[in-house]
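**Q** Structure supplied as structure-v1.txt; contents: compact mmCIF, N, CA and C atoms.
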```txt
# COMPACT_ATOMS: atom_id res chain seq x y z
N MET A 1 -7.85 -0.73 -13.47
CA MET A 1 -8.44 0.49 -12.99
C MET A 1 -7.33 1.42 -12.53
N ARG A 2 -7.44 2.68 -12.86
CA ARG A 2 -6.46 3.68 -12.45
C ARG A 2 -6.76 4.13 -11.03
N ILE A 3 -5.72 4.18 -10.21
CA ILE A 3 -5.88 4.62 -8.83
C ILE A 3 -4.83 5.67 -8.52
N SER A 4 -5.13 6.51 -7.55
CA SER A 4 -4.18 7.49 -7.05
C SER A 4 -4.49 7.72 -5.58
N CYS A 5 -3.66 8.50 -4.97
CA CYS A 5 -3.80 8.75 -3.54
C CYS A 5 -4.12 10.22 -3.31
N ARG A 6 -5.07 10.50 -2.47
CA ARG A 6 -5.46 11.88 -2.19
C ARG A 6 -4.47 12.59 -1.29
N ALA A 7 -3.76 11.86 -0.46
CA ALA A 7 -2.80 12.47 0.46
C ALA A 7 -1.61 13.00 -0.32
N THR A 8 -1.04 14.09 0.17
CA THR A 8 0.13 14.65 -0.50
C THR A 8 1.39 14.49 0.35
N LEU A 9 1.23 14.31 1.64
CA LEU A 9 2.38 14.12 2.53
C LEU A 9 2.40 12.67 3.01
N PRO A 10 3.52 11.99 2.81
CA PRO A 10 3.60 10.59 3.27
C PRO A 10 3.74 10.51 4.78
N ALA A 11 3.29 9.42 5.33
CA ALA A 11 3.44 9.15 6.76
C ALA A 11 4.92 8.94 7.06
N THR A 12 5.29 9.23 8.30
CA THR A 12 6.65 8.97 8.74
C THR A 12 6.83 7.47 8.96
N GLU A 13 8.06 7.04 9.12
CA GLU A 13 8.32 5.62 9.35
C GLU A 13 7.61 5.12 10.60
N LEU A 14 7.61 5.91 11.65
CA LEU A 14 6.93 5.52 12.89
C LEU A 14 5.42 5.42 12.67
N GLU A 15 4.85 6.36 11.93
CA GLU A 15 3.42 6.31 11.63
C GLU A 15 3.08 5.08 10.80
N ILE A 16 3.96 4.73 9.87
CA ILE A 16 3.75 3.54 9.04
C ILE A 16 3.75 2.29 9.89
N VAL A 17 4.76 2.14 10.73
CA VAL A 17 4.87 0.96 11.59
C VAL A 17 3.65 0.84 12.49
N THR A 18 3.24 1.95 13.08
CA THR A 18 2.09 1.94 13.99
C THR A 18 0.81 1.58 13.24
N ALA A 19 0.59 2.20 12.08
CA ALA A 19 -0.63 1.94 11.32
C ALA A 19 -0.70 0.50 10.83
N VAL A 20 0.44 -0.04 10.36
CA VAL A 20 0.47 -1.42 9.88
C VAL A 20 0.15 -2.37 11.03
N GLN A 21 0.78 -2.16 12.17
CA GLN A 21 0.55 -3.04 13.33
C GLN A 21 -0.92 -2.98 13.77
N GLN A 22 -1.47 -1.77 13.85
CA GLN A 22 -2.86 -1.63 14.29
C GLN A 22 -3.83 -2.27 13.29
N LEU A 23 -3.57 -2.08 11.99
CA LEU A 23 -4.45 -2.66 10.99
C LEU A 23 -4.40 -4.18 11.02
N LEU A 24 -3.20 -4.73 11.08
CA LEU A 24 -3.08 -6.19 11.11
C LEU A 24 -3.72 -6.77 12.37
N ASP A 25 -3.59 -6.09 13.50
CA ASP A 25 -4.25 -6.53 14.73
C ASP A 25 -5.77 -6.49 14.58
N ARG A 26 -6.28 -5.39 14.02
CA ARG A 26 -7.73 -5.27 13.83
C ARG A 26 -8.27 -6.31 12.88
N ARG A 27 -7.60 -6.48 11.74
CA ARG A 27 -8.07 -7.45 10.75
C ARG A 27 -7.96 -8.87 11.31
N GLY A 28 -6.91 -9.13 12.09
CA GLY A 28 -6.72 -10.45 12.68
C GLY A 28 -7.78 -10.81 13.71
N SER A 29 -8.37 -9.79 14.33
CA SER A 29 -9.38 -10.04 15.35
C SER A 29 -10.77 -10.27 14.77
N MET A 30 -10.91 -10.11 13.46
CA MET A 30 -12.20 -10.27 12.80
C MET A 30 -12.23 -11.56 11.98
N ALA A 31 -13.36 -12.21 12.01
CA ALA A 31 -13.51 -13.43 11.21
C ALA A 31 -13.55 -13.09 9.72
N HIS A 32 -14.24 -12.00 9.38
CA HIS A 32 -14.37 -11.58 7.98
C HIS A 32 -14.22 -10.06 7.93
N ALA A 33 -12.99 -9.61 7.86
CA ALA A 33 -12.72 -8.17 7.82
C ALA A 33 -13.20 -7.58 6.50
N PRO A 34 -13.84 -6.42 6.55
CA PRO A 34 -14.32 -5.80 5.30
C PRO A 34 -13.15 -5.29 4.47
N VAL A 35 -13.31 -5.28 3.15
CA VAL A 35 -12.26 -4.81 2.25
C VAL A 35 -11.96 -3.33 2.51
N SER A 36 -12.93 -2.62 3.03
CA SER A 36 -12.76 -1.18 3.28
C SER A 36 -11.82 -0.88 4.45
N LEU A 37 -11.52 -1.89 5.25
CA LEU A 37 -10.62 -1.70 6.39
C LEU A 37 -9.19 -1.73 5.88
N ALA A 38 -8.60 -0.54 5.72
CA ALA A 38 -7.28 -0.42 5.10
C ALA A 38 -6.50 0.70 5.76
N ILE A 39 -5.22 0.77 5.42
CA ILE A 39 -4.37 1.84 5.93
C ILE A 39 -4.82 3.18 5.35
N PRO A 40 -4.54 4.28 6.06
CA PRO A 40 -4.87 5.61 5.51
C PRO A 40 -4.04 5.94 4.28
N ASP A 41 -4.49 6.91 3.52
CA ASP A 41 -3.81 7.30 2.28
C ASP A 41 -2.36 7.71 2.52
N ASN A 42 -2.11 8.51 3.57
CA ASN A 42 -0.74 8.97 3.80
C ASN A 42 0.20 7.81 4.13
N VAL A 43 -0.33 6.76 4.74
CA VAL A 43 0.48 5.57 5.03
C VAL A 43 0.73 4.80 3.73
N ALA A 44 -0.26 4.75 2.86
CA ALA A 44 -0.09 4.07 1.57
C ALA A 44 1.04 4.69 0.77
N ILE A 45 1.07 6.03 0.68
CA ILE A 45 2.15 6.64 -0.08
C ILE A 45 3.49 6.54 0.66
N GLY A 46 3.43 6.51 1.99
CA GLY A 46 4.66 6.32 2.76
C GLY A 46 5.27 4.94 2.51
N VAL A 47 4.43 3.92 2.46
CA VAL A 47 4.91 2.56 2.17
C VAL A 47 5.50 2.51 0.76
N ALA A 48 4.81 3.09 -0.20
CA ALA A 48 5.32 3.11 -1.57
C ALA A 48 6.68 3.80 -1.62
N GLY A 49 6.82 4.87 -0.87
CA GLY A 49 8.09 5.59 -0.83
C GLY A 49 9.24 4.77 -0.29
N MET A 50 8.94 3.81 0.55
CA MET A 50 9.97 2.93 1.11
C MET A 50 10.54 1.99 0.05
N PHE A 51 9.81 1.76 -1.03
CA PHE A 51 10.20 0.77 -2.03
C PHE A 51 10.54 1.39 -3.38
N VAL A 52 10.83 2.69 -3.39
CA VAL A 52 11.29 3.35 -4.62
C VAL A 52 12.68 2.83 -4.93
N SER A 53 12.88 2.41 -6.18
CA SER A 53 14.19 1.91 -6.62
C SER A 53 14.28 2.00 -8.14
N ALA A 54 15.39 1.54 -8.68
CA ALA A 54 15.59 1.57 -10.13
C ALA A 54 14.87 0.44 -10.87
N THR A 55 14.32 -0.53 -10.14
CA THR A 55 13.60 -1.64 -10.78
C THR A 55 12.29 -1.12 -11.37
N ASP A 56 11.68 -1.91 -12.23
CA ASP A 56 10.38 -1.52 -12.80
C ASP A 56 9.34 -1.30 -11.70
N SER A 57 9.30 -2.22 -10.73
CA SER A 57 8.33 -2.08 -9.65
C SER A 57 8.66 -0.87 -8.78
N GLY A 58 9.93 -0.62 -8.56
CA GLY A 58 10.35 0.54 -7.78
C GLY A 58 10.02 1.85 -8.47
N GLN A 59 10.10 1.87 -9.78
CA GLN A 59 9.74 3.07 -10.54
C GLN A 59 8.23 3.31 -10.49
N LEU A 60 7.45 2.23 -10.52
CA LEU A 60 6.00 2.37 -10.39
C LEU A 60 5.67 2.92 -9.00
N MET A 61 6.35 2.41 -7.98
CA MET A 61 6.15 2.92 -6.61
C MET A 61 6.49 4.40 -6.55
N GLU A 62 7.54 4.80 -7.25
CA GLU A 62 7.93 6.22 -7.25
C GLU A 62 6.87 7.09 -7.91
N ARG A 63 6.31 6.65 -9.02
CA ARG A 63 5.25 7.41 -9.67
C ARG A 63 4.05 7.58 -8.74
N PHE A 64 3.67 6.49 -8.08
CA PHE A 64 2.56 6.55 -7.12
C PHE A 64 2.91 7.48 -5.97
N PHE A 65 4.13 7.35 -5.44
CA PHE A 65 4.60 8.16 -4.32
C PHE A 65 4.54 9.65 -4.68
N ARG A 66 4.83 9.98 -5.92
CA ARG A 66 4.87 11.37 -6.36
C ARG A 66 3.49 11.90 -6.78
N GLY A 67 2.45 11.06 -6.66
CA GLY A 67 1.09 11.53 -6.88
C GLY A 67 0.46 11.16 -8.21
N ALA A 68 1.17 10.40 -9.03
CA ALA A 68 0.61 10.02 -10.32
C ALA A 68 -0.40 8.88 -10.16
N GLU A 69 -1.31 8.79 -11.12
CA GLU A 69 -2.22 7.65 -11.18
C GLU A 69 -1.44 6.45 -11.70
N VAL A 70 -1.76 5.28 -11.14
CA VAL A 70 -1.15 4.03 -11.60
C VAL A 70 -2.25 3.01 -11.81
N ASP A 71 -1.96 2.01 -12.60
CA ASP A 71 -2.91 0.93 -12.82
C ASP A 71 -2.91 0.02 -11.59
N SER A 72 -4.08 -0.31 -11.08
CA SER A 72 -4.18 -1.11 -9.87
C SER A 72 -3.56 -2.50 -10.05
N GLY A 73 -3.75 -3.11 -11.20
CA GLY A 73 -3.16 -4.43 -11.47
C GLY A 73 -1.65 -4.37 -11.49
N GLU A 74 -1.10 -3.33 -12.12
CA GLU A 74 0.36 -3.16 -12.14
C GLU A 74 0.89 -2.91 -10.73
N MET A 75 0.13 -2.15 -9.95
CA MET A 75 0.54 -1.87 -8.56
C MET A 75 0.57 -3.16 -7.76
N LEU A 76 -0.44 -4.00 -7.91
CA LEU A 76 -0.47 -5.27 -7.18
C LEU A 76 0.68 -6.18 -7.62
N ASP A 77 1.00 -6.17 -8.92
CA ASP A 77 2.15 -6.95 -9.41
C ASP A 77 3.44 -6.43 -8.79
N ALA A 78 3.59 -5.11 -8.73
CA ALA A 78 4.79 -4.52 -8.13
C ALA A 78 4.90 -4.86 -6.66
N ILE A 79 3.79 -4.86 -5.96
CA ILE A 79 3.78 -5.20 -4.54
C ILE A 79 4.22 -6.64 -4.35
N ARG A 80 3.68 -7.55 -5.15
CA ARG A 80 4.07 -8.96 -5.04
C ARG A 80 5.56 -9.14 -5.32
N PHE A 81 6.07 -8.44 -6.33
CA PHE A 81 7.50 -8.53 -6.65
C PHE A 81 8.34 -8.05 -5.47
N GLU A 82 8.00 -6.89 -4.93
CA GLU A 82 8.77 -6.32 -3.82
C GLU A 82 8.69 -7.19 -2.56
N GLN A 83 7.56 -7.85 -2.35
CA GLN A 83 7.42 -8.73 -1.19
C GLN A 83 8.43 -9.87 -1.23
N GLY A 84 8.83 -10.27 -2.42
CA GLY A 84 9.81 -11.34 -2.55
C GLY A 84 11.18 -10.98 -2.03
N TYR A 85 11.45 -9.70 -1.87
CA TYR A 85 12.76 -9.24 -1.43
C TYR A 85 12.72 -8.45 -0.12
N ALA A 86 11.55 -8.24 0.42
CA ALA A 86 11.38 -7.38 1.59
C ALA A 86 11.66 -8.12 2.89
N SER A 87 12.00 -7.34 3.91
CA SER A 87 12.11 -7.87 5.27
C SER A 87 10.71 -8.24 5.75
N ALA A 88 10.63 -8.87 6.90
CA ALA A 88 9.32 -9.24 7.45
C ALA A 88 8.45 -7.99 7.66
N GLU A 89 9.05 -6.92 8.14
CA GLU A 89 8.32 -5.68 8.37
C GLU A 89 7.88 -5.06 7.04
N GLY A 90 8.78 -5.08 6.06
CA GLY A 90 8.45 -4.56 4.75
C GLY A 90 7.36 -5.37 4.07
N HIS A 91 7.44 -6.69 4.25
CA HIS A 91 6.41 -7.57 3.69
C HIS A 91 5.05 -7.23 4.28
N ALA A 92 5.00 -7.00 5.59
CA ALA A 92 3.73 -6.65 6.25
C ALA A 92 3.21 -5.31 5.73
N ALA A 93 4.11 -4.35 5.57
CA ALA A 93 3.70 -3.04 5.06
C ALA A 93 3.16 -3.16 3.63
N LEU A 94 3.83 -3.96 2.82
CA LEU A 94 3.36 -4.18 1.44
C LEU A 94 2.03 -4.91 1.42
N HIS A 95 1.84 -5.84 2.34
CA HIS A 95 0.56 -6.54 2.45
C HIS A 95 -0.56 -5.52 2.72
N CYS A 96 -0.28 -4.57 3.60
CA CYS A 96 -1.28 -3.55 3.90
C CYS A 96 -1.49 -2.61 2.72
N LEU A 97 -0.43 -2.33 1.97
CA LEU A 97 -0.57 -1.51 0.77
C LEU A 97 -1.44 -2.24 -0.26
N SER A 98 -1.26 -3.55 -0.37
CA SER A 98 -2.09 -4.35 -1.26
C SER A 98 -3.56 -4.24 -0.84
N GLY A 99 -3.82 -4.30 0.45
CA GLY A 99 -5.18 -4.14 0.96
C GLY A 99 -5.74 -2.77 0.64
N TRP A 100 -4.88 -1.74 0.70
CA TRP A 100 -5.30 -0.38 0.36
C TRP A 100 -5.72 -0.33 -1.11
N VAL A 101 -4.93 -0.96 -1.99
CA VAL A 101 -5.25 -0.99 -3.42
C VAL A 101 -6.61 -1.67 -3.63
N HIS A 102 -6.82 -2.81 -2.99
CA HIS A 102 -8.10 -3.51 -3.13
C HIS A 102 -9.26 -2.65 -2.62
N ALA A 103 -9.04 -1.96 -1.50
CA ALA A 103 -10.09 -1.09 -0.95
C ALA A 103 -10.40 0.05 -1.91
N ARG A 104 -9.37 0.63 -2.52
CA ARG A 104 -9.57 1.74 -3.46
C ARG A 104 -10.34 1.25 -4.69
N VAL A 105 -9.98 0.11 -5.21
CA VAL A 105 -10.68 -0.46 -6.38
C VAL A 105 -12.13 -0.73 -6.01
N HIS A 106 -12.36 -1.31 -4.85
CA HIS A 106 -13.71 -1.61 -4.38
C HIS A 106 -14.54 -0.32 -4.25
N LYS A 107 -13.92 0.71 -3.71
CA LYS A 107 -14.59 1.99 -3.52
C LYS A 107 -14.98 2.62 -4.85
N GLN A 108 -14.13 2.42 -5.87
CA GLN A 108 -14.40 2.99 -7.19
C GLN A 108 -15.33 2.10 -8.02
N GLY A 109 -15.77 1.00 -7.43
CA GLY A 109 -16.72 0.14 -8.12
C GLY A 109 -16.12 -0.91 -9.01
N GLY A 110 -14.82 -1.19 -8.81
CA GLY A 110 -14.14 -2.16 -9.67
C GLY A 110 -14.15 -3.56 -9.14
```
With the file now loaded, output its structure as structure tokens.
**A**
Amino acid sequence: MRISCRATLPATELEIVTAVQQLLDRRGSMAHAPVSLAIPDNVAIGVAGMFVSATDSGQLMERFFRGAEVDSGEMLDAIRFEQGYASAEGHAALHCLSGWVHARVHKQGG
């Protein structure tokens, strides 16, 4: 399924850190968190912007960051790849981006 982000301005690093921490705390406090509970769009593109690089996954992140539609499956593959090399904080941010992708797919009926 093709997904894109409605936000045009990415969140700042501080906004990303705060949103990731709050989301993980909220989801952790629930026995069964709904798929719709995800980071905001501007945080999603901010996280993608943190992982722009010359790699295939980094280039996909750049296309998403710049507002292009991307395939949700390819995005999830790129997230998993980047998690293998990310810091603990980056891994958490990518985990939340993965949740955003799942929420977007769910919202679009996929």
**Q** I need the residues in range 18-76 of chain A that are alpha helix (DSSP H) according to DSSP; give them as an NGL selection string.
**A** :A and (18-28 or 41-50 or 56-65 or 72-76)
**Q** Keeping only N, CA and C atoms, write the selected residues as a tab-separated table (two decimals), keeping the file's coordinate frame.
**A**
```
chain	number	residue	atom	x	y	z
A	18	THR	N	3.24	1.95	13.08
A	18	THR	CA	2.09	1.94	13.99
A	18	THR	C	0.81	1.58	13.24
A	19	ALA	N	0.59	2.20	12.08
A	19	ALA	CA	-0.63	1.94	11.32
A	19	ALA	C	-0.70	0.50	10.83
A	20	VAL	N	0.44	-0.04	10.36
A	20	VAL	CA	0.47	-1.42	9.88
A	20	VAL	C	0.15	-2.37	11.03
A	21	GLN	N	0.78	-2.16	12.17
A	21	GLN	CA	0.55	-3.04	13.33
A	21	GLN	C	-0.92	-2.98	13.77
A	22	GLN	N	-1.47	-1.77	13.85
A	22	GLN	CA	-2.86	-1.63	14.29
A	22	GLN	C	-3.83	-2.27	13.29
A	23	LEU	N	-3.57	-2.08	11.99
A	23	LEU	CA	-4.45	-2.66	10.99
A	23	LEU	C	-4.40	-4.18	11.02
A	24	LEU	N	-3.20	-4.73	11.08
A	24	LEU	CA	-3.08	-6.19	11.11
A	24	LEU	C	-3.72	-6.77	12.37
A	25	ASP	N	-3.59	-6.09	13.50
A	25	ASP	CA	-4.25	-6.53	14.73
A	25	ASP	C	-5.77	-6.49	14.58
A	26	ARG	N	-6.28	-5.39	14.02
A	26	ARG	CA	-7.73	-5.27	13.83
A	26	ARG	C	-8.27	-6.31	12.88
A	27	ARG	N	-7.60	-6.48	11.74
A	27	ARG	CA	-8.07	-7.45	10.75
A	27	ARG	C	-7.96	-8.87	11.31
A	28	GLY	N	-6.91	-9.13	12.09
A	28	GLY	CA	-6.72	-10.45	12.68
A	28	GLY	C	-7.78	-10.81	13.71
A	41	ASP	N	-4.49	6.91	3.52
A	41	ASP	CA	-3.81	7.30	2.28
A	41	ASP	C	-2.36	7.71	2.52
A	42	ASN	N	-2.11	8.51	3.57
A	42	ASN	CA	-0.74	8.97	3.80
A	42	ASN	C	0.20	7.81	4.13
A	43	VAL	N	-0.33	6.76	4.74
A	43	VAL	CA	0.48	5.57	5.03
A	43	VAL	C	0.73	4.80	3.73
A	44	ALA	N	-0.26	4.75	2.86
A	44	ALA	CA	-0.09	4.07	1.57
A	44	ALA	C	1.04	4.69	0.77
A	45	ILE	N	1.07	6.03	0.68
A	45	ILE	CA	2.15	6.64	-0.08
A	45	ILE	C	3.49	6.54	0.66
A	46	GLY	N	3.43	6.51	1.99
A	46	GLY	CA	4.66	6.32	2.76
A	46	GLY	C	5.27	4.94	2.51
A	47	VAL	N	4.43	3.92	2.46
A	47	VAL	CA	4.91	2.56	2.17
A	47	VAL	C	5.50	2.51	0.76
A	48	ALA	N	4.81	3.09	-0.20
A	48	ALA	CA	5.32	3.11	-1.57
A	48	ALA	C	6.68	3.80	-1.62
A	49	GLY	N	6.82	4.87	-0.87
A	49	GLY	CA	8.09	5.59	-0.83
A	49	GLY	C	9.24	4.77	-0.29
A	50	MET	N	8.94	3.81	0.55
A	50	MET	CA	9.97	2.93	1.11
A	50	MET	C	10.54	1.99	0.05
A	56	ASP	N	11.68	-1.91	-12.23
A	56	ASP	CA	10.38	-1.52	-12.80
A	56	ASP	C	9.34	-1.30	-11.70
A	57	SER	N	9.30	-2.22	-10.73
A	57	SER	CA	8.33	-2.08	-9.65
A	57	SER	C	8.66	-0.87	-8.78
A	58	GLY	N	9.93	-0.62	-8.56
A	58	GLY	CA	10.35	0.54	-7.78
A	58	GLY	C	10.02	1.85	-8.47
A	59	GLN	N	10.10	1.87	-9.78
A	59	GLN	CA	9.74	3.07	-10.54
A	59	GLN	C	8.23	3.31	-10.49
A	60	LEU	N	7.45	2.23	-10.52
A	60	LEU	CA	6.00	2.37	-10.39
A	60	LEU	C	5.67	2.92	-9.00
A	61	MET	N	6.35	2.41	-7.98
A	61	MET	CA	6.15	2.92	-6.61
A	61	MET	C	6.49	4.40	-6.55
A	62	GLU	N	7.54	4.80	-7.25
A	62	GLU	CA	7.93	6.22	-7.25
A	62	GLU	C	6.87	7.09	-7.91
A	63	ARG	N	6.31	6.65	-9.02
A	63	ARG	CA	5.25	7.41	-9.67
A	63	ARG	C	4.05	7.58	-8.74
A	64	PHE	N	3.67	6.49	-8.08
A	64	PHE	CA	2.56	6.55	-7.12
A	64	PHE	C	2.91	7.48	-5.97
A	65	PHE	N	4.13	7.35	-5.44
A	65	PHE	CA	4.60	8.16	-4.32
A	65	PHE	C	4.54	9.65	-4.68
A	72	SER	N	-4.08	-0.31	-11.08
A	72	SER	CA	-4.18	-1.11	-9.87
A	72	SER	C	-3.56	-2.50	-10.05
A	73	GLY	N	-3.75	-3.11	-11.20
A	73	GLY	CA	-3.16	-4.43	-11.47
A	73	GLY	C	-1.65	-4.37	-11.49
A	74	GLU	N	-1.10	-3.33	-12.12
A	74	GLU	CA	0.36	-3.16	-12.14
A	74	GLU	C	0.89	-2.91	-10.73
A	75	MET	N	0.13	-2.15	-9.95
A	75	MET	CA	0.54	-1.87	-8.56
A	75	MET	C	0.57	-3.16	-7.76
A	76	LEU	N	-0.44	-4.00	-7.91
A	76	LEU	CA	-0.47	-5.27	-7.18
A	76	LEU	C	0.68	-6.18	-7.62
```
**Q** Write out as number ranges by chain the set of residues from chain A that DSSP, computed on the backbone, places in strand (DSSP E).
**A** A: 2-3, 70-71
**Q** Out of A:Gly109, A:Pro40, A:Pro34, A:Gly67, which residue has the shortest atom-to-atom distance to Ser4 in chain A when counting only N, CA and C atoms?
**A**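 The shortest atom-to-atom distance to Ser4 in chain A comes from A:Gly67.
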**Q** Around range 28-41 of chain A, fit a box with edges along x, y and z, padding it by 5 Å on each side, then list its centre and edge lengths in Å to one decimal as lines of an AutoDock Vina configuration file.
**A**
```
center_x = -8.4
center_y = -2.9
center_z = 8.8
size_x = 22.0
size_y = 31.1
size_z = 23.1
```
**Q** Which value, in Å to one decimal, gives the distance between atom C of Gln108 in chain A and atom N of Thr12 in chain A?
**A**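 One can read the atom C of Gln108 in chain A to atom N of Thr12 in chain A distance as 27.2 Å.
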